[in-house]
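Single-structure report; data block below.
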Amino acid sequence: MQASSALVWLIIEVLATLLSLYLVTVNTDLTTIDLIAFSGYKYVGMIVGVVAGLLFGRTGYYLMLLWCCASIFVFMIRTLRLKILSEAAAEGVLVRGAKNQLRMYLTMTIAAAQPVFMYWFTFHLVR
């Protein structure tokens, strides 16, 4: 049941990201497979957090999940910024332009959603 729920949320997340990229009119070389891969990185942190919770209790879970959430957030910001904002540089869009600002907000939103999902999927597994 947990795996089915995670798969459905992965599909919803990828579809929401694709819709957001379309609405913001970002022309990028990100494919659906790339978005699935980027969205799938959170499962590594979830597994590490749950294993730490099983070995070290709630404190181990929260410490490891905090570290994994911070690392996935930084990774997603750096990686998606290169993919999404590189098109802005190629198009000659001003650094402070409104369209570029929307792209940065989109990047931040995608990156911020990963830790939220990581916690939401695993908090009830560790007692």
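Note on naming: chains are A, B, ... as they come in the structure tokens, residues start from 1 per chain, ligands start from 1 in the order shown.
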
**Distance query Gly49 (chain A) at most 7 Å, only C-alpha atoms, self and fewer than 5 positions along chain excluded, as a PyMOL selection string** = chain A and resi 61+64-65

Would you list the contacts of Lys42 (chain A) as a short mmCIF file (atom, residue, chain, number, x, y, z; two decimals) with all heavy atoms, in the first residue's frame, taking every protein, DNA or RNA residue within 10 Å and counting only C-alpha atoms, but skipping same-chain residues closer than 2 positions in sequence?
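Contents of part-v3.cif, as written:
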```
data_model
loop_
_atom_site.label_atom_id
_atom_site.label_comp_id
_atom_site.auth_asym_id
_atom_site.auth_seq_id
_atom_site.Cartn_x
_atom_site.Cartn_y
_atom_site.Cartn_z
N ALA A 37 13.24 10.94 -12.73
CA ALA A 37 14.50 10.66 -12.04
C ALA A 37 14.75 11.67 -10.92
O ALA A 37 15.12 11.29 -9.81
CB ALA A 37 15.66 10.69 -13.04
N PHE A 38 14.55 12.96 -11.20
CA PHE A 38 14.75 13.98 -10.17
C PHE A 38 13.78 13.79 -9.02
O PHE A 38 14.14 13.96 -7.85
CB PHE A 38 14.60 15.39 -10.75
CG PHE A 38 15.76 15.82 -11.60
CD1 PHE A 38 15.54 16.44 -12.81
CD2 PHE A 38 17.06 15.63 -11.19
CE1 PHE A 38 16.60 16.85 -13.60
CE2 PHE A 38 18.13 16.03 -11.96
CZ PHE A 38 17.90 16.64 -13.17
N SER A 39 12.55 13.43 -9.32
CA SER A 39 11.56 13.21 -8.27
C SER A 39 11.84 11.92 -7.49
O SER A 39 11.41 11.79 -6.34
CB SER A 39 10.15 13.14 -8.87
OG SER A 39 9.82 14.36 -9.46
N GLY A 40 12.53 10.99 -8.10
CA GLY A 40 12.82 9.72 -7.44
C GLY A 40 13.95 9.77 -6.44
O GLY A 40 14.11 8.86 -5.63
N VAL A 44 15.57 7.69 -1.85
CA VAL A 44 16.82 7.28 -1.21
C VAL A 44 16.88 7.85 0.20
O VAL A 44 17.18 7.14 1.17
CB VAL A 44 18.04 7.73 -2.05
CG1 VAL A 44 19.33 7.42 -1.32
CG2 VAL A 44 18.01 7.09 -3.42
N GLY A 45 16.59 9.15 0.33
CA GLY A 45 16.59 9.78 1.65
C GLY A 45 15.52 9.21 2.56
O GLY A 45 15.74 9.09 3.78
N MET A 46 14.38 8.85 1.99
CA MET A 46 13.33 8.25 2.80
C MET A 46 13.77 6.91 3.37
O MET A 46 13.55 6.62 4.55
CB MET A 46 12.07 8.07 1.95
CG MET A 46 11.37 9.36 1.61
SD MET A 46 10.11 9.24 0.33
CE MET A 46 9.17 7.84 0.79
N ILE A 47 14.42 6.11 2.55
CA ILE A 47 14.88 4.80 3.01
C ILE A 47 15.95 4.95 4.08
O ILE A 47 15.92 4.27 5.11
CB ILE A 47 15.39 3.96 1.82
CG1 ILE A 47 14.21 3.60 0.92
CG2 ILE A 47 16.12 2.72 2.28
CD1 ILE A 47 14.60 3.03 -0.43
N CYS A 68 19.07 14.43 5.06
CA CYS A 68 18.67 14.04 3.70
C CYS A 68 17.79 15.11 3.05
O CYS A 68 17.93 15.37 1.85
CB CYS A 68 17.94 12.70 3.73
SG CYS A 68 19.01 11.31 4.09
N CYS A 69 16.91 15.73 3.82
CA CYS A 69 16.06 16.79 3.27
C CYS A 69 16.89 17.99 2.84
O CYS A 69 16.66 18.56 1.77
CB CYS A 69 15.01 17.22 4.30
SG CYS A 69 13.69 16.03 4.53
N SER A 71 20.06 17.97 1.99
CA SER A 71 20.89 17.62 0.84
C SER A 71 20.07 17.53 -0.45
O SER A 71 20.52 17.97 -1.51
CB SER A 71 21.66 16.33 1.09
OG SER A 71 20.79 15.26 1.27
N ILE A 72 18.86 16.98 -0.39
CA ILE A 72 18.04 16.91 -1.60
C ILE A 72 17.58 18.29 -2.04
O ILE A 72 17.49 18.58 -3.22
CB ILE A 72 16.85 15.95 -1.45
CG1 ILE A 72 16.17 15.69 -2.79
CG2 ILE A 72 15.78 16.49 -0.56
CD1 ILE A 72 16.46 14.38 -3.36
N PHE A 73 17.32 19.18 -1.07
CA PHE A 73 16.92 20.55 -1.41
C PHE A 73 18.05 21.26 -2.16
O PHE A 73 17.82 21.85 -3.22
CB PHE A 73 16.53 21.31 -0.14
CG PHE A 73 16.05 22.70 -0.40
CD1 PHE A 73 14.78 22.93 -0.89
CD2 PHE A 73 16.88 23.79 -0.17
CE1 PHE A 73 14.33 24.22 -1.15
CE2 PHE A 73 16.45 25.07 -0.41
CZ PHE A 73 15.16 25.29 -0.90
N ALA A 113 9.27 20.94 -2.38
CA ALA A 113 8.27 19.88 -2.28
C ALA A 113 8.92 18.54 -1.89
O ALA A 113 8.27 17.71 -1.25
CB ALA A 113 7.52 19.73 -3.59
N GLN A 114 10.18 18.34 -2.26
CA GLN A 114 10.83 17.06 -1.99
C GLN A 114 10.92 16.73 -0.50
O GLN A 114 10.52 15.65 -0.08
CB GLN A 114 12.21 17.01 -2.64
CG GLN A 114 12.22 17.26 -4.14
CD GLN A 114 11.28 16.37 -4.91
OE1 GLN A 114 11.31 15.15 -4.75
NE2 GLN A 114 10.45 16.95 -5.74
N PRO A 115 11.43 17.64 0.34
CA PRO A 115 11.47 17.33 1.78
C PRO A 115 10.09 17.15 2.40
O PRO A 115 9.91 16.32 3.31
CB PRO A 115 12.18 18.54 2.40
CG PRO A 115 12.97 19.12 1.29
CD PRO A 115 12.18 18.86 0.05
N VAL A 116 9.11 17.88 1.91
CA VAL A 116 7.75 17.74 2.43
C VAL A 116 7.23 16.32 2.16
O VAL A 116 6.69 15.66 3.05
CB VAL A 116 6.81 18.80 1.82
CG1 VAL A 116 5.36 18.53 2.19
CG2 VAL A 116 7.22 20.19 2.25
N PHE A 117 7.42 15.87 0.93
CA PHE A 117 7.00 14.51 0.60
C PHE A 117 7.80 13.48 1.39
O PHE A 117 7.25 12.46 1.82
CB PHE A 117 7.15 14.23 -0.90
CG PHE A 117 6.06 14.80 -1.74
CD1 PHE A 117 6.35 15.52 -2.88
CD2 PHE A 117 4.74 14.61 -1.41
CE1 PHE A 117 5.35 16.05 -3.67
CE2 PHE A 117 3.72 15.13 -2.19
CZ PHE A 117 4.03 15.85 -3.33
N MET A 118 9.09 13.71 1.57
CA MET A 118 9.92 12.76 2.32
C MET A 118 9.38 12.57 3.74
O MET A 118 9.29 11.44 4.22
CB MET A 118 11.38 13.24 2.37
CG MET A 118 12.10 13.12 1.06
SD MET A 118 13.72 13.90 1.07
CE MET A 118 14.62 12.79 2.13
N TYR A 119 9.04 13.65 4.39
CA TYR A 119 8.50 13.55 5.75
C TYR A 119 7.11 12.93 5.74
O TYR A 119 6.81 12.04 6.54
CB TYR A 119 8.47 14.92 6.41
CG TYR A 119 7.82 14.89 7.77
CD1 TYR A 119 8.48 14.34 8.86
CD2 TYR A 119 6.53 15.37 7.97
CE1 TYR A 119 7.89 14.28 10.10
CE2 TYR A 119 5.92 15.31 9.20
CZ TYR A 119 6.60 14.76 10.27
OH TYR A 119 6.00 14.70 11.48
#
```

**Request:** Can you pull out every residue within 10 Å of region 75-80 of chain A, counting only C-alpha atoms, but drop anything in the same chain fewer than 3 positions away, and send it as a ChimeraX atom specification?
**Result:** /A:30,35,38-39,41,69-72,83-86,103-104,106-112,114

For C-alpha atoms, I'd like the residues from the last selection saved as a compact mmCIF listing (two decimals), in the first residue's frame.
```txt
# COMPACT_ATOMS: atom_id res chain seq x y z
CA LEU A 30 14.05 18.33 -19.43
CA LEU A 35 11.60 14.68 -14.05
CA PHE A 38 14.75 13.98 -10.17
CA SER A 39 11.56 13.21 -8.27
CA TYR A 41 15.88 10.93 -5.55
CA CYS A 69 16.06 16.79 3.27
CA ALA A 70 18.72 19.50 3.31
CA SER A 71 20.89 17.62 0.84
CA ILE A 72 18.04 16.91 -1.60
CA LYS A 83 18.32 23.07 -16.51
CA ILE A 84 15.55 25.66 -16.14
CA LEU A 85 17.52 28.90 -15.93
CA SER A 86 20.02 27.95 -18.63
CA ARG A 103 11.49 30.24 -13.34
CA MET A 104 13.39 30.66 -10.08
CA LEU A 106 9.31 27.20 -9.95
CA THR A 107 12.74 25.77 -9.19
CA MET A 108 12.38 26.63 -5.50
CA THR A 109 8.89 25.12 -5.33
CA ILE A 110 9.98 21.85 -6.92
CA ALA A 111 12.96 21.63 -4.56
CA ALA A 112 10.88 22.52 -1.47
CA GLN A 114 10.83 17.06 -1.99
```

**Asked** So, counting only C-alpha atoms, which residue among A:Tyr43, A:Leu66, A:Thr32, A:Leu54 is closest to Leu19 (chain A)?
**Response**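 Answer, going by the shortest atom-to-atom distance: A:Thr32.
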
**Asked** Which of these residues is nearest to Val26 (chain A), using only C-alpha atoms: A:Arg81, A:Val74, A:Lys99, A:Val14?
**Response**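 Looking only at the distances to Val26 (chain A), the closest residue turns out to be A:Lys99.
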